[in-house]
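Okay, run30.csv is below, CSV, C-alpha atoms:
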chain,number,residue,atom,x,y,z
A,1,MET,CA,0.0,0.0,0.0
A,2,LEU,CA,2.9,2.3,0.7
A,3,LYS,CA,4.2,2.0,-2.9
A,4,PHE,CA,0.8,2.8,-4.3
A,5,ARG,CA,0.5,5.9,-2.2
A,6,LYS,CA,3.9,7.0,-3.1
A,7,PHE,CA,3.1,6.6,-6.8
A,8,PHE,CA,0.2,9.2,-6.6
A,9,HIS,CA,2.2,11.6,-4.3
A,10,PHE,CA,3.1,14.7,-6.3
A,11,ASN,CA,5.1,17.6,-5.2
A,12,ARG,CA,4.5,21.0,-6.6
A,13,SER,CA,7.2,21.0,-9.2
A,14,ASN,CA,6.0,17.7,-10.6
A,15,LEU,CA,2.4,19.0,-10.7
A,16,LEU,CA,3.6,22.1,-12.6
A,17,TYR,CA,5.4,20.0,-15.2
A,18,LEU,CA,2.3,17.9,-15.7
A,19,VAL,CA,0.0,20.9,-16.2
A,20,ILE,CA,2.5,22.4,-18.7
A,21,ALA,CA,2.7,19.1,-20.6
A,22,LEU,CA,-1.1,18.9,-20.8
A,23,ALA,CA,-1.4,22.5,-22.0
A,24,ILE,CA,1.2,21.8,-24.7
A,25,LEU,CA,-0.6,18.6,-25.7
A,26,LEU,CA,-4.0,20.4,-26.0
A,27,TRP,CA,-2.4,23.3,-28.0
A,28,CYS,CA,-0.8,20.8,-30.4
A,29,ILE,CA,-4.1,19.0,-30.9
A,30,SER,CA,-6.0,22.2,-31.6
A,31,VAL,CA,-3.4,23.5,-34.0
A,32,GLY,CA,-3.2,20.2,-35.8
A,33,SER,CA,-7.0,20.2,-36.1
A,34,ALA,CA,-7.0,23.7,-37.5
A,35,PHE,CA,-4.4,22.8,-40.1
A,36,THR,CA,-6.3,19.7,-41.1
A,37,GLN,CA,-9.5,21.7,-41.6
A,38,ALA,CA,-7.6,24.4,-43.6
A,39,ILE,CA,-6.0,21.9,-45.9
A,40,ALA,CA,-9.3,20.1,-46.5
A,41,ALA,CA,-11.3,23.3,-47.1
A,42,LYS,CA,-12.0,24.6,-50.6
A,43,PRO,CA,-11.9,28.3,-51.2
A,44,SER,CA,-15.2,29.9,-50.2
A,45,HIS,CA,-14.8,32.8,-52.6
A,46,THR,CA,-14.4,33.2,-56.3
A,47,LEU,CA,-11.6,35.1,-58.1
A,48,ALA,CA,-14.0,38.0,-58.6
A,49,GLN,CA,-14.2,38.3,-54.8
A,50,SER,CA,-10.4,38.1,-54.4
A,51,GLN,CA,-9.9,41.8,-55.3
A,52,SER,CA,-9.5,42.6,-51.7
A,53,ILE,CA,-7.2,39.8,-50.5
A,54,GLY,CA,-4.8,41.5,-48.2
A,55,PRO,CA,-1.5,42.6,-49.8
A,56,LEU,CA,-2.6,41.3,-53.2
A,57,ARG,CA,-4.7,44.2,-54.3
A,58,PRO,CA,-4.1,44.8,-57.9
A,59,ASN,CA,-1.2,47.2,-58.4
A,60,ARG,CA,1.4,47.6,-61.0
A,61,SER,CA,3.7,45.0,-59.6
A,62,THR,CA,1.0,42.3,-59.1
A,63,VAL,CA,-0.4,43.0,-62.5
A,64,GLU,CA,3.0,42.7,-64.1
A,65,ALA,CA,3.6,39.5,-62.2
A,66,GLY,CA,0.2,38.2,-63.3
A,67,LYS,CA,1.1,39.0,-66.9
A,68,GLU,CA,4.4,37.0,-66.7
A,69,LEU,CA,2.5,34.1,-65.1
A,70,TYR,CA,-0.2,34.3,-67.7
A,71,LEU,CA,2.3,34.3,-70.6
A,72,SER,CA,4.5,31.5,-69.2
A,73,THR,CA,1.4,29.3,-68.2
A,74,CYS,CA,-0.6,29.7,-71.3
A,75,SER,CA,2.0,29.9,-74.0
A,76,GLY,CA,3.3,26.5,-72.8
A,77,CYS,CA,0.4,24.9,-74.8
A,78,HIS,CA,-0.8,27.6,-77.2
A,79,ILE,CA,-0.3,31.2,-78.0
A,80,ALA,CA,-1.4,33.6,-75.3
A,81,ILE,CA,-4.1,35.8,-76.6
A,82,PRO,CA,-4.5,39.4,-75.4
A,83,PRO,CA,-6.9,39.9,-72.5
A,84,GLU,CA,-8.9,42.4,-74.5
A,85,VAL,CA,-10.1,39.7,-77.0
A,86,LEU,CA,-12.3,38.0,-74.4
A,87,PRO,CA,-14.6,39.5,-71.8
A,88,THR,CA,-13.7,39.5,-68.1
A,89,GLU,CA,-16.4,36.8,-67.4
A,90,THR,CA,-14.7,34.4,-69.8
A,91,TRP,CA,-11.3,34.9,-68.1
A,92,GLN,CA,-12.9,34.4,-64.7
A,93,GLU,CA,-14.5,31.1,-65.7
A,94,LEU,CA,-11.3,29.8,-67.3
A,95,LEU,CA,-9.2,30.6,-64.2
A,96,GLU,CA,-11.7,29.4,-61.7
A,97,ASN,CA,-12.0,26.0,-63.5
A,98,PRO,CA,-8.5,25.1,-64.7
A,99,GLN,CA,-9.5,21.5,-64.8
A,100,LYS,CA,-12.0,22.3,-67.5
A,101,HIS,CA,-9.8,24.2,-70.0
A,102,TYR,CA,-11.3,23.4,-73.4
A,103,GLY,CA,-11.3,19.7,-72.8
A,104,THR,CA,-8.1,19.5,-70.9
A,105,SER,CA,-6.6,20.5,-67.6
A,106,VAL,CA,-4.1,23.2,-66.8
A,107,PRO,CA,-1.4,21.4,-64.8
A,108,ASN,CA,0.2,22.7,-61.6
A,109,ILE,CA,-1.8,25.9,-61.2
A,110,VAL,CA,-1.9,27.1,-57.6
A,111,ARG,CA,-4.3,29.6,-56.1
A,112,LEU,CA,-1.7,32.4,-55.8
A,113,SER,CA,-1.0,32.1,-59.6
A,114,GLN,CA,-4.7,32.2,-60.3
A,115,VAL,CA,-5.1,35.4,-58.3
A,116,LEU,CA,-2.1,37.1,-59.9
A,117,MET,CA,-3.3,36.1,-63.4
A,118,TRP,CA,-6.8,37.3,-62.5
A,119,ASP,CA,-5.3,40.7,-61.5
A,120,TYR,CA,-3.7,41.0,-64.9
A,121,LEU,CA,-6.7,39.7,-67.0
A,122,LYS,CA,-9.3,41.7,-65.1
A,123,SER,CA,-7.2,44.9,-65.4
A,124,ASN,CA,-6.9,44.4,-69.2
A,125,SER,CA,-10.3,43.1,-70.2
A,126,ARG,CA,-13.9,44.4,-70.2
A,127,PRO,CA,-17.0,42.9,-68.8
A,128,ILE,CA,-19.9,41.9,-71.0
A,129,LEU,CA,-22.1,45.0,-71.5
A,130,LEU,CA,-25.4,43.3,-72.2
A,131,LYS,CA,-27.1,42.0,-69.1
A,132,ASP,CA,-28.3,38.6,-70.5
A,133,ALA,CA,-25.6,38.1,-73.1
A,134,PRO,CA,-24.0,34.6,-73.1
A,135,VAL,CA,-20.4,34.3,-71.9
A,136,PRO,CA,-18.3,33.5,-75.0
A,137,TYR,CA,-15.7,30.8,-74.5
A,138,TYR,CA,-14.2,30.9,-78.0
A,139,ILE,CA,-12.5,33.7,-79.8
A,140,GLU,CA,-14.9,33.6,-82.7
A,141,GLN,CA,-17.9,34.1,-80.3
A,142,SER,CA,-16.4,37.2,-78.7
A,143,GLN,CA,-17.9,40.6,-79.6
A,144,TYR,CA,-14.7,42.2,-78.5
A,145,PHE,CA,-12.7,40.2,-81.0
A,146,LYS,CA,-15.1,41.2,-83.7
A,147,ILE,CA,-14.8,44.9,-82.7
A,148,LEU,CA,-11.0,44.6,-82.8
A,149,HIS,CA,-11.2,43.2,-86.3
A,150,PRO,CA,-13.8,45.3,-88.1
A,151,ARG,CA,-12.5,44.9,-91.6
A,152,VAL,CA,-11.3,41.3,-91.5
A,153,GLU,CA,-13.3,38.7,-93.4
A,154,PHE,CA,-12.5,35.2,-92.0
A,155,THR,CA,-12.8,32.3,-94.4
A,156,GLU,CA,-12.1,29.6,-91.9
A,157,PRO,CA,-12.9,29.1,-88.2
A,158,ILE,CA,-11.0,31.4,-85.9
A,159,THR,CA,-8.5,29.7,-83.6
A,160,THR,CA,-5.3,30.8,-81.8
A,161,LYS,CA,-3.4,29.1,-84.6
A,162,ASN,CA,-4.4,31.4,-87.4
A,163,CYS,CA,-3.6,34.6,-85.5
A,164,ILE,CA,0.0,34.4,-86.7
A,165,VAL,CA,-1.2,34.8,-90.3
A,166,CYS,CA,-1.8,38.6,-89.7
A,167,HIS,CA,0.2,39.1,-86.5
A,168,PRO,CA,3.8,38.0,-87.0
A,169,GLY,CA,4.9,39.1,-83.5
A,170,VAL,CA,2.5,36.7,-81.7
A,171,LYS,CA,5.4,34.7,-80.2
A,172,ASP,CA,6.6,37.9,-78.5
A,173,PHE,CA,3.0,38.8,-77.4
A,174,ASN,CA,3.0,41.6,-80.0
A,175,TYR,CA,-0.3,41.8,-81.7
A,176,ARG,CA,0.1,45.4,-82.8
A,177,THR,CA,2.6,44.6,-85.6
A,178,LEU,CA,0.7,43.4,-88.6
A,179,THR,CA,1.9,41.8,-91.9
A,180,ALA,CA,2.5,44.1,-94.8
A,181,GLU,CA,-0.9,43.1,-96.3
A,182,TRP,CA,-2.7,44.6,-93.3
A,183,GLU,CA,-0.3,47.3,-92.2
A,184,ASN,CA,-1.9,50.0,-94.4
A,185,ALA,CA,-5.2,48.5,-95.1
A,186,PRO,CA,-8.2,50.9,-95.3
Output the structure of this file as structure tokens.
Amino acid sequence: MLKFRKFFHFNRSNLLYLVIALAILLWCISVGSAFTQAIAAKPSHTLAQSQSIGPLRPNRSTVEAGKELYLSTCSGCHIAIPPEVLPTETWQELLENPQKHYGTSVPNIVRLSQVLMWDYLKSNSRPILLKDAPVPYYIEQSQYFKILHPRVEFTEPITTKNCIVCHPGVKDFNYRTLTAEWENAP
């Protein structure tokens, strides 16, 4: 009986160590639980709502960083088209659903990249003006593309591949330089 009693006999320093150990254990469990929930959670907001995310408010440096990310990400598979060609709503849909990118998936895109590209694309595109107008997902459906090409008659379907026919600087993201045929066209 004496040994049993001695086993449960604590002095003040041992009791203090026990309380500290239990406090650390509870803190570790709560932090671990919070991390687990944060990792499992999906973003509760869209890119359109991300305009006020802390230090990432669109400014010149984030817009430039977004442009560089846009060019490096998109031109890996196809030519990068200017943001002005498609409306803001199209860009938003494409960035919010990178797994549904014209029948394929954009690999290795992280949320920070999405937000930075969104800053660039939103800053350089225009929203759809008509309230009930459908969101165009292809260049040939875009009113803005048609406005930017008022005198051009297209004989075949419009894709990113046939931009280079009139815009020889496409690989350098230069759409302002035109071929000699279009340079001085009326």
For Ile139 of chain A, the nearest of the candidates A:Ser30, A:Asn162, A:Ser123, A:Thr155, counting all atoms listed in the file: A:Asn162
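The gap separating atom CA of Val63 of chain A from atom CA of Tyr175 of chain A is 19.2 Å, in Å to one decimal.
The coordinates place atom CA of Ser125 of chain A at 13.9 Å from atom CA of Leu95 of chain A.
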Length of the atom CA of Thr90 of chain A to atom CA of Ile128 of chain A vector [Å]: 9.2 Å
Selection as a VMD selection string: residues within 10 Å of (-4.3, 36.0, -75.5), counting only C-alpha atoms: chain A and resid 70 to 71 74 to 75 78 to 86 121 139 160 170 173 175
Minimum-distance residue to Ser113 of chain A, chosen among A:Leu94, A:Cys163, A:Leu69, A:Ala180 (using only C-alpha atoms): A:Leu69
Selection near Ala185 of chain A, 12 Å with all atoms listed in the file, sequence-local residues under 3 positions removed, as number ranges by chain: A: 149-152, 166, 178-182
